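Here the structure comes first, spelled out in structure tokens, and everything after it is commentary.
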Amino acid sequence: MKRYRSYRSNAGGSDIRRWRVAGVAGVAVALVGVGLGVAAAADSPVPTVNCPAVAGKLGAVPASAQSEIARNLQLLNTQIQEANNRIRTSQGQGGPNFIQNAILGPLKDKRFATINRMETAIGRTLAKPNLNAEGLSGCTLNANGGGNASPEPNQVPAASVSAGAAAAGNVGTIACPDVVINVAVPAQAKAEIDRNLALLQTQINEADARLKSSVGQGGANFVQNAILGPLKDKRFATINRMETAIGRNAAKPNLNAEGLSTCSVDAAGGGGAAAQPTAAPATQAPAGNGDAGNNGNNQAAASRNTGNVGINDGTAQVDCPNVAINVAVPAQAKAEIDRNLALLQTQINEADARIKSTAFQGGVNFINNAILGPLADKRFATINRMETAIGRNAAKPDLNAEGLSACNLNK
């Protein structure tokens with residue numbers, strides 16, 4: 001039996017062999033290319049973050065804040081190390097903006113919050129510093145790797161720690177000017193005046209105790225910022241309350257709250273801690289404050305003082321400027337804004353009711369001192385709260401609290 005060789009079949013086999021050879025060669029070339037790419041990637045350095053140091057900007061750090069500052073300095077280092085690790089483990093991921101959007105951007109936010117916390121920690125005892133959180137929070141890349149992964153010290157820098165208690169001035173005693181009531185005190189105000197005079201003495205005693213217990217704390221401005229400053233605010237408010245208490249039943253006096261609220265430290269230790277009178281003077285206005293209990297003197301005074309509101313006959317109503325919110329209110333603040341707008345109306349209603357219920361009480365300044373003055377204070381605080389509420393989630397607006405807090409009367 002004859003066998004015949006097929007040329008077609010043979011040619012086909014040759015083609016198949018050629019394709020196989022070509023396929024194997026292609027795979028080999030691809031593998032070589034991958035190997036070269038891996039080698040090239042291995043040879044190129046991994047970038048690292050480069051962040052500005054914060055410790056050198058701290059200035060004086062009070063003893064009470066040193067541990068918190070040290071923790072936050074260490075946290076800044078930890079944030080850098082975590083960012084470097086994320087860059088290393090995410091090589092080849094994302095597009096050209098991956099590192100900026102996924103690593104450097106979040107790192108900036110973390111650093112900003114951390115630096116702000118350090119400002120707050122120092123500000124609890126000293127004047128709150130500006131550490132330039134905005135400028136120091138942004139980091140760049142070291143394209144060739146390397147860089148300092150821990151630019152912050154583990155402890156508060158020695159140069160930043162306050163050393164001298166004597167430099168801080170927290171030795172000696174508190175010396176304050178006496179607050180003297182140089183006007184007649186109506187009988188109705190005597191108890192309130194006595195309470196506030198005693199409070200002035202208590203404030204001095206508390207400041208003295210704080211001065212002694214804080215030796216060695218804070219920097220050069222510690223006593224001024226943490227003791228004398230708050231004491232001045234308390235004394236100013238207390239003296240103002242005494243002026244208002246007298247003004248409810250007589251002409252409101254000027255007790256010089258501004259001039260008498262400031263105290264100092266007597267380094268010699270003599271001080272004025274026990275000098276403040278704690279009772280109103282014996283000379284006081286008559287209990288009725290008028291003729292036959294009918295406010296006759298006040299009526300005469302009203303006729304002489306046409307510029308004043310005059311005697312309260314119970315018919316006046318307060319007239320307050322409208323508080324308009326002329327900025328966009330964030331959704332998070334809407335409920336609080338609505339509550340405070342309603343509170344402004346409630347304050348007006350209460351003032352109107354007080355005018356009616358106090359008809360023919362007090363002197364010519366009664367409405368101004370006992371109703372319009374306190375109303376202005378309440379409105380000022382309420383408008384300020386609205387500014388703060390909006391400012392938590394947007395730029396803090398100026399709603400003109402000073403201009404919109406004062407009200408007049410409609411007769």
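Chain lettering (A, B, ...) mirrors the order of the structure tokens, residue numbering begins at 1 for each chain separately, and ligand numbering begins at 1 in order of display.
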Could you name the residues that touch A:Pro52 at 7 Å or less, counting only C-alpha atoms, but leaving out those on the same chain fewer than 2 positions away, as a ChimeraX atom specification? /A:50,54,136
Stretch 109-124 of chain A: which residues within 10 Å, counting only C-alpha atoms, same-chain residues fewer than 4 positions away excluded, as an mmCIF file with C-alpha atoms, in the first residue's frame?
```cif
data_model
loop_
_atom_site.group_PDB
_atom_site.id
_atom_site.type_symbol
_atom_site.label_atom_id
_atom_site.label_comp_id
_atom_site.auth_asym_id
_atom_site.auth_seq_id
_atom_site.Cartn_x
_atom_site.Cartn_y
_atom_site.Cartn_z
ATOM 1 C CA CYS A 51 7.262 69.291 57.301
ATOM 2 C CA VAL A 54 6.891 73.623 65.330
ATOM 3 C CA LEU A 58 6.500 77.715 71.061
ATOM 4 C CA GLY A 59 7.958 80.483 73.203
ATOM 5 C CA ALA A 60 7.170 80.294 76.929
ATOM 6 C CA VAL A 61 5.329 77.121 77.945
ATOM 7 C CA PRO A 62 3.697 77.182 81.412
ATOM 8 C CA ALA A 63 4.349 74.232 83.709
ATOM 9 C CA SER A 64 0.669 73.280 83.595
ATOM 10 C CA ALA A 65 0.816 72.793 79.800
ATOM 11 C CA GLN A 66 4.198 71.111 79.378
ATOM 12 C CA SER A 67 2.968 67.496 79.341
ATOM 13 C CA GLU A 68 0.195 68.309 76.851
ATOM 14 C CA ILE A 69 2.628 70.191 74.599
ATOM 15 C CA ALA A 70 5.062 67.243 74.723
ATOM 16 C CA ARG A 71 2.274 64.815 73.711
ATOM 17 C CA ASN A 72 1.290 66.967 70.761
ATOM 18 C CA LEU A 73 4.892 67.391 69.586
ATOM 19 C CA LEU A 75 1.913 63.360 67.720
ATOM 20 C CA LEU A 76 3.295 65.630 64.969
ATOM 21 C CA ASN A 77 6.177 63.149 64.529
ATOM 22 C CA GLN A 79 1.680 61.881 61.769
ATOM 23 C CA ILE A 80 4.789 62.324 59.582
ATOM 24 C CA LEU A 104 -0.489 65.448 52.080
ATOM 25 C CA GLY A 105 -3.974 66.990 52.299
ATOM 26 C CA LYS A 128 -2.881 82.440 73.843
ATOM 27 C CA PRO A 129 -0.014 82.434 71.345
ATOM 28 C CA ASN A 130 -0.241 82.436 67.557
ATOM 29 C CA LEU A 131 1.929 79.507 66.461
ATOM 30 C CA ASN A 132 1.025 80.074 62.797
ATOM 31 C CA ALA A 133 -0.945 76.841 62.461
ATOM 32 C CA GLU A 134 -1.885 77.749 58.887
ATOM 33 C CA GLY A 135 1.706 78.250 57.809
ATOM 34 C CA LEU A 136 3.216 75.288 59.673
ATOM 35 C CA SER A 137 0.600 72.682 58.823
ATOM 36 C CA GLY A 138 1.428 72.280 55.114
ATOM 37 C CA CYS A 139 4.114 69.739 54.136
ATOM 38 C CA GLY A 218 3.987 80.266 83.838
ATOM 39 C CA ASN A 225 -2.746 87.164 82.363
ATOM 40 C CA ALA A 226 -3.896 84.555 84.870
#
```
Would you mind listing what lies within 12 Å of A:Asn408 as a list in words, with only C-alpha atoms counted and same-chain residues fewer than 3 positions away left out?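 The filter keeps Asn308, Val309, Ala316, Gln317, Val318, Asp319, Cys320, Pro321, Ile348, Ala351, Asp352, Ile367, Asn368, Ile371, Leu372, Gly373, Leu375, Ala376, Leu404, Ser405 and Lys411 of chain A.
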Could those selected residues go to a file with N, CA and C atoms, as a PDB file, in the first residue's frame?
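The result, stored in again.pdb:
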```
ATOM      1  N   ASN A 308     -34.330 113.493  80.283  1.00  0.00           N
ATOM      2  CA  ASN A 308     -34.445 112.137  80.788  1.00  0.00           C
ATOM      3  C   ASN A 308     -35.776 111.521  80.371  1.00  0.00           C
ATOM      4  N   VAL A 309     -35.893 110.233  80.632  1.00  0.00           N
ATOM      5  CA  VAL A 309     -37.125 109.533  80.297  1.00  0.00           C
ATOM      6  C   VAL A 309     -38.287 110.080  81.110  1.00  0.00           C
ATOM      7  N   ALA A 316     -45.337 103.409  78.655  1.00  0.00           N
ATOM      8  CA  ALA A 316     -44.309 103.350  77.613  1.00  0.00           C
ATOM      9  C   ALA A 316     -44.064 101.906  77.168  1.00  0.00           C
ATOM     10  N   GLN A 317     -43.541 101.767  75.960  1.00  0.00           N
ATOM     11  CA  GLN A 317     -43.116 100.474  75.449  1.00  0.00           C
ATOM     12  C   GLN A 317     -41.720 100.627  74.830  1.00  0.00           C
ATOM     13  N   VAL A 318     -40.949  99.546  74.892  1.00  0.00           N
ATOM     14  CA  VAL A 318     -39.593  99.626  74.342  1.00  0.00           C
ATOM     15  C   VAL A 318     -39.638  99.502  72.827  1.00  0.00           C
ATOM     16  N   ASP A 319     -38.714 100.201  72.192  1.00  0.00           N
ATOM     17  CA  ASP A 319     -38.600 100.209  70.735  1.00  0.00           C
ATOM     18  C   ASP A 319     -37.165  99.817  70.392  1.00  0.00           C
ATOM     19  N   CYS A 320     -36.982  98.602  69.871  1.00  0.00           N
ATOM     20  CA  CYS A 320     -35.645  98.072  69.603  1.00  0.00           C
ATOM     21  C   CYS A 320     -35.416  97.919  68.100  1.00  0.00           C
ATOM     22  N   PRO A 321     -34.182  98.146  67.634  1.00  0.00           N
ATOM     23  CA  PRO A 321     -33.877  97.934  66.208  1.00  0.00           C
ATOM     24  C   PRO A 321     -33.968  96.461  65.845  1.00  0.00           C
ATOM     25  N   ILE A 348     -37.836  91.754  74.795  1.00  0.00           N
ATOM     26  CA  ILE A 348     -38.634  92.965  74.603  1.00  0.00           C
ATOM     27  C   ILE A 348     -39.957  92.854  75.363  1.00  0.00           C
ATOM     28  N   ALA A 351     -39.377  93.309  79.045  1.00  0.00           N
ATOM     29  CA  ALA A 351     -39.116  94.703  79.388  1.00  0.00           C
ATOM     30  C   ALA A 351     -40.412  95.500  79.403  1.00  0.00           C
ATOM     31  N   ASP A 352     -41.290  95.272  78.412  1.00  0.00           N
ATOM     32  CA  ASP A 352     -42.594  95.949  78.388  1.00  0.00           C
ATOM     33  C   ASP A 352     -43.406  95.616  79.636  1.00  0.00           C
ATOM     34  N   ILE A 367     -36.267 103.789  84.530  1.00  0.00           N
ATOM     35  CA  ILE A 367     -36.445 102.952  83.336  1.00  0.00           C
ATOM     36  C   ILE A 367     -35.113 102.705  82.645  1.00  0.00           C
ATOM     37  N   ASN A 368     -34.305 103.752  82.542  1.00  0.00           N
ATOM     38  CA  ASN A 368     -33.019 103.592  81.845  1.00  0.00           C
ATOM     39  C   ASN A 368     -32.099 102.640  82.600  1.00  0.00           C
ATOM     40  N   ILE A 371     -34.319  98.966  83.406  1.00  0.00           N
ATOM     41  CA  ILE A 371     -34.988  98.222  82.322  1.00  0.00           C
ATOM     42  C   ILE A 371     -34.205  98.314  81.015  1.00  0.00           C
ATOM     43  N   LEU A 372     -33.996  99.526  80.502  1.00  0.00           N
ATOM     44  CA  LEU A 372     -33.322  99.657  79.206  1.00  0.00           C
ATOM     45  C   LEU A 372     -31.858  99.223  79.270  1.00  0.00           C
ATOM     46  N   GLY A 373     -31.173  99.551  80.372  1.00  0.00           N
ATOM     47  CA  GLY A 373     -29.769  99.161  80.497  1.00  0.00           C
ATOM     48  C   GLY A 373     -29.583  97.648  80.507  1.00  0.00           C
ATOM     49  N   LEU A 375     -31.658  95.446  79.445  1.00  0.00           N
ATOM     50  CA  LEU A 375     -32.123  94.925  78.157  1.00  0.00           C
ATOM     51  C   LEU A 375     -31.012  95.030  77.114  1.00  0.00           C
ATOM     52  N   ALA A 376     -30.292  96.152  77.095  1.00  0.00           N
ATOM     53  CA  ALA A 376     -29.182  96.310  76.138  1.00  0.00           C
ATOM     54  C   ALA A 376     -28.122  95.244  76.370  1.00  0.00           C
ATOM     55  N   LEU A 404     -27.008  97.427  67.629  1.00  0.00           N
ATOM     56  CA  LEU A 404     -28.393  96.946  67.658  1.00  0.00           C
ATOM     57  C   LEU A 404     -28.875  96.579  69.053  1.00  0.00           C
ATOM     58  N   SER A 405     -28.023  96.675  70.069  1.00  0.00           N
ATOM     59  CA  SER A 405     -28.438  96.226  71.398  1.00  0.00           C
ATOM     60  C   SER A 405     -29.236  97.298  72.165  1.00  0.00           C
ATOM     61  N   LYS A 411     -43.586 106.341  73.634  1.00  0.00           N
ATOM     62  CA  LYS A 411     -44.539 106.839  74.634  1.00  0.00           C
ATOM     63  C   LYS A 411     -45.920 107.012  73.994  1.00  0.00           C
TER      64      LYS A 411
END
```
Determine, counting only C-alpha atoms, which protein, DNA and RNA residues have an atom within 12 Å of an atom of A:Glu243; residues of the same chain fewer than 4 positions away are not included. Present the result as a ChimeraX atom specification. /A:179-186,189-190,192-193,196-197,236-239,247-257,369-370,373
Keeping only N, CA and C atoms, write those residues as a tab-separated table (two decimals), in the first residue's frame.
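As written to disk, result.tsv reads:
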```tsv
chain	number	residue	atom	x	y	z
A	179	VAL	N	-12.80	100.78	97.00
A	179	VAL	CA	-14.01	101.25	96.34
A	179	VAL	C	-14.87	101.93	97.40
A	180	VAL	N	-14.97	103.23	97.31
A	180	VAL	CA	-15.70	104.01	98.32
A	180	VAL	C	-17.03	104.48	97.72
A	181	ILE	N	-18.11	104.23	98.43
A	181	ILE	CA	-19.45	104.67	98.01
A	181	ILE	C	-19.61	106.12	98.49
A	182	ASN	N	-19.45	107.06	97.58
A	182	ASN	CA	-19.46	108.48	97.96
A	182	ASN	C	-20.79	109.16	97.67
A	183	VAL	N	-21.86	108.35	97.58
A	183	VAL	CA	-23.20	108.91	97.38
A	183	VAL	C	-24.14	108.28	98.39
A	184	ALA	N	-25.30	108.88	98.55
A	184	ALA	CA	-26.30	108.31	99.46
A	184	ALA	C	-26.82	107.00	98.87
A	185	VAL	N	-26.89	105.97	99.70
A	185	VAL	CA	-27.36	104.65	99.25
A	185	VAL	C	-28.81	104.47	99.67
A	186	PRO	N	-29.73	104.30	98.73
A	186	PRO	CA	-31.13	104.07	99.11
A	186	PRO	C	-31.25	102.82	99.97
A	189	ALA	N	-31.28	99.45	98.38
A	189	ALA	CA	-30.05	98.94	97.76
A	189	ALA	C	-28.99	98.55	98.77
A	190	LYS	N	-29.23	98.82	100.07
A	190	LYS	CA	-28.20	98.63	101.09
A	190	LYS	C	-27.66	97.20	101.12
A	192	GLU	N	-27.71	94.86	98.85
A	192	GLU	CA	-26.96	94.50	97.64
A	192	GLU	C	-25.59	95.17	97.61
A	193	ILE	N	-25.53	96.41	98.05
A	193	ILE	CA	-24.25	97.12	98.11
A	193	ILE	C	-23.30	96.41	99.08
A	196	ASN	N	-21.87	93.23	97.56
A	196	ASN	CA	-20.85	93.46	96.53
A	196	ASN	C	-19.55	94.02	97.10
A	197	LEU	N	-19.65	94.83	98.16
A	197	LEU	CA	-18.43	95.29	98.82
A	197	LEU	C	-17.69	94.10	99.44
A	236	PHE	N	-14.51	95.13	87.89
A	236	PHE	CA	-15.26	96.04	87.03
A	236	PHE	C	-16.75	95.68	87.05
A	237	ALA	N	-17.05	94.38	86.90
A	237	ALA	CA	-18.45	93.94	86.89
A	237	ALA	C	-19.12	94.21	88.24
A	238	THR	N	-18.39	93.98	89.34
A	238	THR	CA	-18.96	94.17	90.68
A	238	THR	C	-19.28	95.64	90.94
A	239	ILE	N	-18.34	96.52	90.56
A	239	ILE	CA	-18.58	97.96	90.78
A	239	ILE	C	-19.74	98.44	89.90
A	247	GLY	N	-28.83	102.99	91.23
A	247	GLY	CA	-29.59	103.68	90.19
A	247	GLY	C	-31.02	103.24	90.06
A	248	ARG	N	-31.39	102.11	90.66
A	248	ARG	CA	-32.79	101.67	90.59
A	248	ARG	C	-33.71	102.58	91.40
A	249	ASN	N	-33.15	103.24	92.42
A	249	ASN	CA	-33.98	104.06	93.30
A	249	ASN	C	-33.44	105.47	93.50
A	250	ALA	N	-32.41	105.83	92.75
A	250	ALA	CA	-31.83	107.17	92.82
A	250	ALA	C	-31.05	107.39	91.52
A	251	ALA	N	-30.46	108.57	91.40
A	251	ALA	CA	-29.64	108.82	90.21
A	251	ALA	C	-28.47	107.84	90.21
A	252	LYS	N	-28.23	107.22	89.06
A	252	LYS	CA	-27.14	106.24	88.97
A	252	LYS	C	-25.80	106.95	89.12
A	253	PRO	N	-24.99	106.53	90.10
A	253	PRO	CA	-23.71	107.22	90.32
A	253	PRO	C	-22.61	106.70	89.40
A	254	ASN	N	-21.52	107.43	89.32
A	254	ASN	CA	-20.31	106.96	88.64
A	254	ASN	C	-19.29	106.65	89.73
A	255	LEU	N	-19.10	105.36	90.02
A	255	LEU	CA	-18.17	104.95	91.07
A	255	LEU	C	-16.76	104.71	90.53
A	256	ASN	N	-16.54	105.09	89.26
A	256	ASN	CA	-15.22	104.97	88.65
A	256	ASN	C	-14.78	103.51	88.53
A	257	ALA	N	-15.66	102.69	87.95
A	257	ALA	CA	-15.36	101.26	87.79
A	257	ALA	C	-14.08	101.05	86.99
A	369	ASN	N	-32.03	102.80	83.93
A	369	ASN	CA	-31.09	102.00	84.71
A	369	ASN	C	-31.58	100.60	85.01
A	370	ALA	N	-32.89	100.46	85.24
A	370	ALA	CA	-33.42	99.17	85.67
A	370	ALA	C	-34.02	98.35	84.55
A	373	GLY	N	-31.17	99.55	80.37
A	373	GLY	CA	-29.77	99.16	80.50
A	373	GLY	C	-29.58	97.65	80.51
```
